[in-house]
Number of protein chains: 2
Amino acid sequence: MTESTSEKLVEVAKRRGFFSQTAESYGGVAGFYTFGPEGAELKRNIENLWRDRFNTKEGHREIEAPTIMPEPVFEASGHLETFDDMIIECPECQSSIRADHLVEDNTNIEEAESFPTDKVEQIIEDEDLVCSSCGFELSGIDVNDFNLMFETNIGPGDSNPGYLRPETAQGIFAEFPRFKEYARNQLPFGITQIGKAYRNEISPRKSIIRVREFTQAELEHFIHPHDDEPNLEKVEDVELVLYPATEQQKDEGEYKKMTVNEAVEKNVIESDWVAYYLGVAKRWYSRVGIDMTRFRYRQHLEGERAHYASDCWDAEAEIDGDWIEISGFSDRGCYDLKKHQEHSEESYEIFEQFDEPVTEEKAKIDPDMSWMGPTYGDHASEILEELERMVEEEPQIFERKSELRIEFDEKTFNIPVDKLNFEIVEEEKNGERLLPHVIEPSFGVDRILYAVMDHSFEEDEVDGEERTVLSFETEVAPSLVAVFPLMDKDGMGEKAREVAENLRSKGFETRYDDSGAIGRRYRRQDEIGTPYCVTVDHETLEDGTVTVRDRDSTDQKRVDLEELEKVLERLGEGEISFSDL
Amino acid sequence: MTESTSEKLVEVAKRRGFFSQTAESYGGVAGFYTFGPEGAELKRNIENLWRDRFNTKEGHREIEAPTIMPEPVFEASGHLETFDDMIIECPECQSSIRADHLVEDNTNIEEAESFPTDKVEQIIEDEDLVCSSCGFELSGIDVNDFNLMFETNIGPGDSNPGYLRPETAQGIFAEFPRFKEYARNQLPFGITQIGKAYRNEISPRKSIIRVREFTQAELEHFIHPHDDEPNLEKVEDVELVLYPATEQQKDEGEYKKMTVNEAVEKNVIESDWVAYYLGVAKRWYSRVGIDMTRFRYRQHLEGERAHYASDCWDAEAEIDGDWIEISGFSDRGCYDLKKHQEHSEESYEIFEQFDEPVTEEKAKIDPDMSWMGPTYGDHASEILEELERMVEEEPQIFERKSELRIEFDEKTFNIPVDKLNFEIVEEEKNGERLLPHVIEPSFGVDRILYAVMDHSFEEDEVDGEERTVLSFETEVAPSLVAVFPLMDKDGMGEKAREVAENLRSKGFETRYDDSGAIGRRYRRQDEIGTPYCVTVDHETLEDGTVTVRDRDSTDQKRVDLEELEKVLERLGEGEISFSDL
């Protein structure tokens, strides 16, 4: 049953203009999909609701960085070195196979992804694993790391490699010196981005779930490492279904159902910031039409966490019996900004101005160099360096001892403290430099779109006829309304076109259809999830009323044309329901 | 003066978060820009107004194809073979130089771009042209074609090259078999796309005007080659400033000012469809804030037209004294669909069903093969083929003559017509296959954004102080409103934050600023083009009114907080102007 839902969904998606494989006329290209009119509209609606929540309502700002970025950015981020999957190439049929998947699919081992390549080679040899395409024995064949970034050259020649970004986040991190200036050095602030990201998968699969080009919606919330707190009150009562790491490791682990408030108090979620965004996102997922009985938050296991993340939770949706990651929430600490600061020429630190200047005591020395030089000769500067280190790290030694013992090259020097002019001075500080921490909610738009379609997919029977319905929420439905003339004669066609044109001019996404029996036209709109159909009939020409038909109940009501716009607006915004009409 | 506007604009753009070069911390990368919070918001507003016009109001549908497409698509489109610029590489300093620009910049020749490479080599030799970086003499150095597509590999290895699309259009053309099915084979219909396109420029220049990654908004309007007509009435009175090819070739050519209607009647614009879209686009450009005194439509000269275009007009905006192309309007005929049909495995034709079946007369022959075989031996099949051609192309011959003369290999055959069973039969046809024509309005979003900023850039004096203003239209301004507390004390800060939060929850893009003198806060909002500033002061706490300040006039009025939302909505939608308050 679930298997067949997926097949039916992909068939409807292609036939009705949601999505299909790219360049099918040329035999198709694995891992690339084109969103047709309905899919692109659905995707944009989801993106705009994300903007409404994470830009406008949260007060964050969205930027747009290029999809191609130069090599130094990915040297800093670590992607050049570690963004790899393991590949084994069959010498017989030339198939490229993901070596860790080969192991996981054919043995009891579940975590081959985290093994080094030589261990995976060994398992392939020990278990006599064969090529999944042609059956050739792969024992003794090298397993290599394959970098998943798409590479290209910027400008003529190959001296300036560029890469298609593997995550939109780096386009934000790399530009942080601009954004901190824009934010006038005041934490916290959030920068978001919705855009394409790329992953040159060895074996793309599962329709638009694992593709080579996809859309991410990411928020990088830059916070003070210890002073900033989220406004937990806004989400304290949101109920979460949590699947903590400890439960996953049990034989019969259970979901923990609790409010955001409880999760924070019981320390089920470590980071208050992550807890805040799990609450915000839960409400958002419900709004876009994810079925909350098929939704959970799963904590990453220790070995699964990215190198930069101190804690990480995924939002997962159940699709065809599998739990699919649709977003991730991590505390990335200062990992990324630190890396970029180390690799680039600019400062990624915020200068935090204190409300009042702070006076601090500081130990310092000012050695008598006219004595040190002659006394220690070639070793004088080394000794000075070591003394500077000591005064910073262990100033109390200078107060306790009269002579300091330093060793170099198997020589020992005893330095008399009274030659060093040691003193404690008071210094005034107006602020300090610090690297912000980053909280990252990261959403995979294509997967969310697929989950929304899957969770909205229904089959029922109307007047003895089977129908397929995508019961989208009105806010995400590609079109809010379709207009039909009962027949294209007696002026009904003209009137219906006028009604459609008028709705369009008011900004409603409106379809028009005058072809085939009215029942068939309803079925078409049901399959693309249009909530309301308006029919112009003979009565319309007499009394100015039209039939409005509700997708889910298939009920019909007559509405005055003069009221139509207002009625649709209120239905669309959820102010009234169809049964209120 | 104009030169300095551009410098000032780029400085404000960087400082205020509109755009700046990507990866500046790493020394920057030529031809790539990152849009900061204000620029990205401005860009999105422009894109959404484009959608409102070209999707919703025109009834076209938007799709989203991937940015990477496989090689066969660009073999078909011709980009692999012809999407080149001429490059010469200096052997001394290794600079890559656009050879045609080198010639155009240093001689009187203006059209070097259209010359073959050997002619450009000859000119470089004859004119003793030198490297623009180091002065090295380039005589005798090869000029080569450099393909401007960014290349990458799809999947492991290099057996499956992919390219970043040089125009969004190919993502629509390649999928036409899907879209014609979606449109149920009914012309006309339009498919749009807003997305990234790429051009690996040899020398990117002029800020975001000539970049390597940019955003296009394209409409491909598929029409019946002779039956479909645009609804010219909708735009007949729109006044156009036209610069036809004939005027450009005169010494003192002039602009022709006329309505769309006149332009069509006088045949100044050949294609009615192109004329229709010039009218629609003119209104749209005015709406987004292009200064109509710095805007024109220029016809392409014969040599300038793309190979596929039968007529082409550009919308151009004056920036810094130069006319910059910001969109193009072409009749691409059936060029693209024909190419894809030839190169791929599917049909790109529409089957046009006739309202009534049509009966056609058709000439045919049914020769007596038991006679032809023995009579003509080895030549029988060749002769049959030639006869089939003749009956299709010159059926009347079969009625007029009793013997047909055919020659092969210097032999002559005389074929008696009475052995051929010639007859005229009646055949019924239900429809016919045809390749739609394509009308393409293509917009360069980054350039439009730059032109909107440039045309909105103003400097004036307020209370003896200079200020910089970006006087954006309310529909495109990154934020509609900013909220300030007069001071952050006596509860004014809390109240102001509450007002801002409330406006955000209603969907208004709202800034909040409590830092520095109020005058300085106004200046900041002026520089990012926020039309209205709302100040919460002592009076607010007493009587619930706030000050609303108008960006352009700097006038201030008091508005009741309860009315604020409605007032801003009406101001934002242009229903009232500030002076009406």
# chains A, B, ... in the order shown; residues from 1 in each chain; ligands from 1
call {"tool": "calpha_fit_rmsd", "arguments": {"fixed": "chain A", "moving": "chain B"}}
result
0.3 Å
call {"tool": "residues_around", "arguments": {"residues": "Cys533 (chain A)", "least_positions_apart": "2", "cutoff": "9 Å", "atoms": "only C-alpha atoms", "output": "PDB file with N, CA and C atoms, in the first residue's frame"}}
result
ATOM      1  N   LEU A 480      -5.569  28.774  -5.810  1.00  0.00           N
ATOM      2  CA  LEU A 480      -6.633  28.816  -4.816  1.00  0.00           C
ATOM      3  C   LEU A 480      -7.967  28.453  -5.454  1.00  0.00           C
ATOM      4  N   VAL A 481      -8.109  28.813  -6.734  1.00  0.00           N
ATOM      5  CA  VAL A 481      -9.437  28.701  -7.342  1.00  0.00           C
ATOM      6  C   VAL A 481      -9.330  28.387  -8.840  1.00  0.00           C
ATOM      7  N   ALA A 482     -10.321  27.623  -9.328  1.00  0.00           N
ATOM      8  CA  ALA A 482     -10.450  27.397 -10.766  1.00  0.00           C
ATOM      9  C   ALA A 482     -11.831  27.865 -11.187  1.00  0.00           C
ATOM     10  N   VAL A 483     -11.914  28.446 -12.383  1.00  0.00           N
ATOM     11  CA  VAL A 483     -13.197  28.944 -12.882  1.00  0.00           C
ATOM     12  C   VAL A 483     -13.581  28.147 -14.128  1.00  0.00           C
ATOM     13  N   PHE A 484     -14.828  27.648 -14.158  1.00  0.00           N
ATOM     14  CA  PHE A 484     -15.340  26.906 -15.324  1.00  0.00           C
ATOM     15  C   PHE A 484     -16.624  27.564 -15.821  1.00  0.00           C
ATOM     16  N   TYR A 522     -13.532  18.860 -12.431  1.00  0.00           N
ATOM     17  CA  TYR A 522     -13.337  18.790 -10.971  1.00  0.00           C
ATOM     18  C   TYR A 522     -12.186  17.841 -10.635  1.00  0.00           C
ATOM     19  N   GLN A 525      -8.770  19.410 -11.104  1.00  0.00           N
ATOM     20  CA  GLN A 525      -8.433  20.357 -10.033  1.00  0.00           C
ATOM     21  C   GLN A 525      -8.152  19.625  -8.719  1.00  0.00           C
ATOM     22  N   THR A 530      -6.479  22.121  -6.009  1.00  0.00           N
ATOM     23  CA  THR A 530      -7.131  23.432  -5.965  1.00  0.00           C
ATOM     24  C   THR A 530      -8.312  23.381  -4.992  1.00  0.00           C
ATOM     25  N   PRO A 531      -8.303  24.210  -3.946  1.00  0.00           N
ATOM     26  CA  PRO A 531      -9.337  24.079  -2.916  1.00  0.00           C
ATOM     27  C   PRO A 531     -10.759  24.407  -3.402  1.00  0.00           C
ATOM     28  N   THR A 535     -18.165  27.681 -10.736  1.00  0.00           N
ATOM     29  CA  THR A 535     -18.794  27.384 -12.021  1.00  0.00           C
ATOM     30  C   THR A 535     -19.817  28.459 -12.398  1.00  0.00           C
ATOM     31  N   THR A 547     -21.666  28.882  -8.604  1.00  0.00           N
ATOM     32  CA  THR A 547     -21.489  27.749  -7.703  1.00  0.00           C
ATOM     33  C   THR A 547     -20.049  27.719  -7.236  1.00  0.00           C
ATOM     34  N   VAL A 548     -19.854  27.619  -5.919  1.00  0.00           N
ATOM     35  CA  VAL A 548     -18.504  27.403  -5.407  1.00  0.00           C
ATOM     36  C   VAL A 548     -18.473  26.001  -4.829  1.00  0.00           C
ATOM     37  N   ARG A 549     -17.498  25.197  -5.272  1.00  0.00           N
ATOM     38  CA  ARG A 549     -17.417  23.805  -4.853  1.00  0.00           C
ATOM     39  C   ARG A 549     -16.149  23.600  -4.040  1.00  0.00           C
ATOM     40  N   ASP A 550     -16.321  22.902  -2.923  1.00  0.00           N
ATOM     41  CA  ASP A 550     -15.233  22.666  -1.985  1.00  0.00           C
ATOM     42  C   ASP A 550     -14.536  21.344  -2.322  1.00  0.00           C
ATOM     43  N   ARG A 551     -13.202  21.396  -2.455  1.00  0.00           N
ATOM     44  CA  ARG A 551     -12.426  20.220  -2.852  1.00  0.00           C
ATOM     45  C   ARG A 551     -12.606  19.037  -1.905  1.00  0.00           C
TER      46      ARG A 551
END
call {"tool": "residues_around", "arguments": {"residues": "region 222-229 of chain A", "least_positions_apart": "2", "cutoff": "10 Å", "atoms": "only C-alpha atoms", "output": "list in words"}}
result
Phe176, Lys180, Gln186, Leu187, Pro188, Phe189, Gly190, Ile191, Leu219, Glu220, Asn231, Leu232, Asp272, Trp273, Tyr276, Gly333, Cys334, Ile350, Glu352, Leu434, Leu435, Pro436, His437, Val438, Ile439 and Glu440 of chain A
call {"tool": "write_last_selection", "arguments": {"atoms": "C-alpha atoms", "output": "PDB file, in the first residue's frame"}}
result
ATOM      1  CA  PHE A 176      30.194  37.578   7.810  1.00  0.00           C
ATOM      2  CA  LYS A 180      28.499  42.216  11.153  1.00  0.00           C
ATOM      3  CA  GLN A 186      25.181  44.079  17.633  1.00  0.00           C
ATOM      4  CA  LEU A 187      24.308  40.507  18.529  1.00  0.00           C
ATOM      5  CA  PRO A 188      22.080  38.609  18.155  1.00  0.00           C
ATOM      6  CA  PHE A 189      21.109  38.777  14.478  1.00  0.00           C
ATOM      7  CA  GLY A 190      20.043  36.211  11.946  1.00  0.00           C
ATOM      8  CA  ILE A 191      20.846  35.884   8.246  1.00  0.00           C
ATOM      9  CA  LEU A 219      18.994  30.426   8.914  1.00  0.00           C
ATOM     10  CA  GLU A 220      22.308  31.257  10.554  1.00  0.00           C
ATOM     11  CA  ASN A 231      12.345  33.980  23.942  1.00  0.00           C
ATOM     12  CA  LEU A 232      11.139  30.541  25.020  1.00  0.00           C
ATOM     13  CA  ASP A 272      17.667  26.401  24.659  1.00  0.00           C
ATOM     14  CA  TRP A 273      18.159  27.873  21.200  1.00  0.00           C
ATOM     15  CA  TYR A 276      13.214  27.321  20.621  1.00  0.00           C
ATOM     16  CA  GLY A 333      29.314  26.919  17.935  1.00  0.00           C
ATOM     17  CA  CYS A 334      31.952  29.261  16.515  1.00  0.00           C
ATOM     18  CA  ILE A 350      32.398  41.129  16.790  1.00  0.00           C
ATOM     19  CA  GLU A 352      31.326  44.019  21.881  1.00  0.00           C
ATOM     20  CA  LEU A 434      34.464  37.718  20.416  1.00  0.00           C
ATOM     21  CA  LEU A 435      33.428  35.117  17.867  1.00  0.00           C
ATOM     22  CA  PRO A 436      29.652  34.706  17.824  1.00  0.00           C
ATOM     23  CA  HIS A 437      28.115  31.248  18.056  1.00  0.00           C
ATOM     24  CA  VAL A 438      25.776  30.042  15.372  1.00  0.00           C
ATOM     25  CA  ILE A 439      22.424  28.288  15.705  1.00  0.00           C
ATOM     26  CA  GLU A 440      21.427  26.772  12.370  1.00  0.00           C
TER      27      GLU A 440
END
call {"tool": "residues_around", "arguments": {"residues": "Glu386 (chain A)", "least_positions_apart": "4", "cutoff": "10 Å", "atoms": "only C-alpha atoms", "output": "NGL selection string"}}
result
:A and (381-382 or 390-391 or 406-407)
call {"tool": "write_last_selection", "arguments": {"atoms": "C-alpha atoms", "output": "mmCIF file, in the first residue's frame"}}
result
data_model
loop_
_atom_site.group_PDB
_atom_site.id
_atom_site.type_symbol
_atom_site.label_atom_id
_atom_site.label_comp_id
_atom_site.auth_asym_id
_atom_site.auth_seq_id
_atom_site.Cartn_x
_atom_site.Cartn_y
_atom_site.Cartn_z
ATOM 1 C CA SER A 381 65.529 37.014 22.687
ATOM 2 C CA GLU A 382 64.407 33.429 23.335
ATOM 3 C CA MET A 390 55.192 33.306 31.747
ATOM 4 C CA VAL A 391 54.002 36.739 32.829
ATOM 5 C CA ILE A 406 64.591 28.635 32.250
ATOM 6 C CA GLU A 407 66.084 25.835 30.149
#
call {"tool": "select_by_dssp", "arguments": {"residues": "region 438-529 of chain B", "states": "helix (DSSP H, G or I)", "output": "count of residues only"}}
result
36
call {"tool": "interface_residues", "arguments": {"of": "chain B", "to": "chain A", "cutoff": "6 Å", "atoms": "only C-alpha atoms", "output": "PyMOL selection string"}}
result
chain B and resi 25-26+34-37+40+56-57+61-65+151-152+155+200+202+344-346+504-505
call {"tool": "residues_around", "arguments": {"residues": "Glu236 (chain B)", "least_positions_apart": "6", "cutoff": "9 Å", "atoms": "only C-alpha atoms", "output": "number ranges by chain"}}
result
B: 259-262, 276, 279
call {"tool": "select_by_dssp", "arguments": {"residues": "region 114-159 of chain A", "states": "strand (DSSP E)", "output": "MDAnalysis selection string"}}
result
chainID A and resid 144:147 151:153
call {"tool": "residues_around", "arguments": {"residues": "Thr545 (chain B)", "least_positions_apart": "2", "cutoff": "12 Å", "atoms": "only C-alpha atoms", "output": "ChimeraX atom specification"}}
result
/B:495-496,499,534-543,547-548,557-564
call {"tool": "write_last_selection", "arguments": {"atoms": "C-alpha atoms", "output": "CSV table (one decimal), in the first residue's frame"}}
result
chain,number,residue,atom,x,y,z
B,495,LYS,CA,6.1,50.4,23.1
B,496,ALA,CA,8.1,50.8,19.9
B,499,VAL,CA,4.5,48.4,17.4
B,534,VAL,CA,7.2,55.7,12.7
B,535,THR,CA,8.4,57.3,15.9
B,536,VAL,CA,7.1,56.5,19.3
B,537,ASP,CA,7.5,59.5,21.7
B,538,HIS,CA,6.1,60.8,25.0
B,539,GLU,CA,2.9,61.8,23.3
B,540,THR,CA,2.4,58.2,22.2
B,541,LEU,CA,2.3,57.0,25.8
B,542,GLU,CA,-0.3,59.6,26.6
B,543,ASP,CA,-2.7,59.6,23.6
B,547,THR,CA,4.7,60.4,14.2
B,548,VAL,CA,4.8,59.1,10.6
B,557,LYS,CA,2.0,63.7,10.5
B,558,ARG,CA,0.5,62.2,13.6
B,559,VAL,CA,-1.5,59.0,13.2
B,560,ASP,CA,-3.5,57.1,15.7
B,561,LEU,CA,-1.8,53.7,16.5
B,562,GLU,CA,-5.1,52.0,15.9
B,563,GLU,CA,-5.2,53.4,12.3
B,564,LEU,CA,-1.5,52.8,11.6
call {"tool": "closest_residue", "arguments": {"among": "B:Glu399, B:Glu385, B:Glu432, B:Asp320", "to": "Ala451 (chain B)", "atoms": "only C-alpha atoms"}}
result
B:Asp320
call {"tool": "residues_around", "arguments": {"residues": "Phe115 (chain B)", "least_positions_apart": "3", "cutoff": "12 Å", "atoms": "only C-alpha atoms", "output": "list in words"}}
result
Asp85, Met86, Ala99, Asp100, His101, Val103, Glu104, Ile109, Glu110, Glu111, Ala112, Asp118, Lys119, Val120, Glu121, Gln122, Ile123, Val143, Asp145, Gly303 and Glu304 of chain B
call {"tool": "write_last_selection", "arguments": {"atoms": "N, CA, C and O atoms", "output": "CSV table (one decimal), in the first residue's frame"}}
result
chain,number,residue,atom,x,y,z
B,85,ASP,N,33.4,33.7,-26.9
B,85,ASP,CA,34.1,35.0,-27.1
B,85,ASP,C,35.5,34.7,-27.5
B,85,ASP,O,36.0,33.6,-27.3
B,86,MET,N,36.1,35.8,-28.2
B,86,MET,CA,37.5,35.6,-28.6
B,86,MET,C,38.5,35.9,-27.6
B,86,MET,O,38.4,37.0,-26.9
B,99,ALA,N,39.8,39.5,-27.2
B,99,ALA,CA,40.5,40.0,-28.4
B,99,ALA,C,39.7,41.0,-29.1
B,99,ALA,O,40.2,42.0,-29.6
B,100,ASP,N,38.3,40.8,-29.2
B,100,ASP,CA,37.5,41.8,-29.9
B,100,ASP,C,37.4,43.1,-29.2
B,100,ASP,O,37.4,44.2,-29.8
B,101,HIS,N,37.4,43.0,-27.9
B,101,HIS,CA,37.4,44.3,-27.1
B,101,HIS,C,38.7,45.0,-27.3
B,101,HIS,O,38.7,46.2,-27.3
B,103,VAL,N,40.6,45.1,-29.8
B,103,VAL,CA,40.5,45.7,-31.1
B,103,VAL,C,39.6,46.9,-31.1
B,103,VAL,O,39.9,48.1,-31.5
B,104,GLU,N,38.4,46.8,-30.5
B,104,GLU,CA,37.4,47.8,-30.5
B,104,GLU,C,37.9,49.0,-29.6
B,104,GLU,O,37.7,50.2,-29.9
B,109,ILE,N,37.5,50.4,-35.2
B,109,ILE,CA,36.6,49.3,-35.6
B,109,ILE,C,35.6,49.1,-34.4
B,109,ILE,O,36.0,49.0,-33.3
B,110,GLU,N,34.3,49.0,-34.7
B,110,GLU,CA,33.3,48.9,-33.7
B,110,GLU,C,32.6,47.6,-33.6
B,110,GLU,O,32.0,47.2,-32.6
B,111,GLU,N,32.8,46.8,-34.7
B,111,GLU,CA,32.1,45.5,-34.7
B,111,GLU,C,33.0,44.3,-34.8
B,111,GLU,O,32.7,43.3,-35.4
B,112,ALA,N,34.1,44.4,-34.1
B,112,ALA,CA,35.1,43.3,-34.1
B,112,ALA,C,34.5,42.0,-33.6
B,112,ALA,O,34.9,40.9,-34.0
B,118,ASP,N,40.6,34.8,-37.3
B,118,ASP,CA,41.8,35.1,-38.1
B,118,ASP,C,41.9,36.6,-38.6
B,118,ASP,O,42.9,37.2,-38.7
B,119,LYS,N,40.7,37.1,-38.8
B,119,LYS,CA,40.6,38.6,-39.1
B,119,LYS,C,41.1,39.4,-37.9
B,119,LYS,O,41.8,40.4,-38.1
B,120,VAL,N,40.6,39.0,-36.7
B,120,VAL,CA,41.0,39.7,-35.5
B,120,VAL,C,42.5,39.6,-35.3
B,120,VAL,O,43.2,40.6,-35.0
B,121,GLU,N,43.1,38.4,-35.5
B,121,GLU,CA,44.5,38.2,-35.4
B,121,GLU,C,45.3,39.2,-36.4
B,121,GLU,O,46.3,39.8,-36.0
B,122,GLN,N,44.7,39.3,-37.6
B,122,GLN,CA,45.4,40.1,-38.6
B,122,GLN,C,45.4,41.6,-38.2
B,122,GLN,O,46.3,42.3,-38.3
B,123,ILE,N,44.2,42.0,-37.6
B,123,ILE,CA,44.1,43.4,-37.2
B,123,ILE,C,45.1,43.7,-36.0
B,123,ILE,O,45.8,44.7,-36.0
B,143,VAL,N,44.5,34.0,-31.7
B,143,VAL,CA,43.2,34.4,-31.1
B,143,VAL,C,42.4,33.1,-31.2
B,143,VAL,O,42.3,32.5,-32.2
B,145,ASP,N,38.7,30.8,-29.9
B,145,ASP,CA,37.3,30.9,-29.4
B,145,ASP,C,37.4,30.3,-27.9
B,145,ASP,O,38.0,29.3,-27.7
B,303,GLY,N,23.2,42.6,-38.3
B,303,GLY,CA,24.3,41.8,-37.9
B,303,GLY,C,24.3,41.4,-36.4
B,303,GLY,O,25.1,40.5,-36.0
B,304,GLU,N,23.5,42.1,-35.6
B,304,GLU,CA,23.6,41.9,-34.2
B,304,GLU,C,22.6,40.8,-33.7
B,304,GLU,O,22.7,40.3,-32.6
call {"tool": "atom_distance", "arguments": {"atom1": "CA of Asp526 (chain B)", "atom2": "CA of Asp580 (chain B)"}}
result
21.4 Å
call {"tool": "atom_distance", "arguments": {"atom1": "CA of Ser310 (chain B)", "atom2": "CA of Leu278 (chain B)"}}
result
16.0 Å
call {"tool": "closest_residue", "arguments": {"among": "A:Asp378, A:Phe443, A:Val546, A:Ser471", "to": "Leu486 (chain A)", "atoms": "only C-alpha atoms"}}
result
A:Val546
call {"tool": "atom_distance", "arguments": {"atom1": "CA of Gly373 (chain A)", "atom2": "CA of Val425 (chain A)"}}
result
25.6 Å
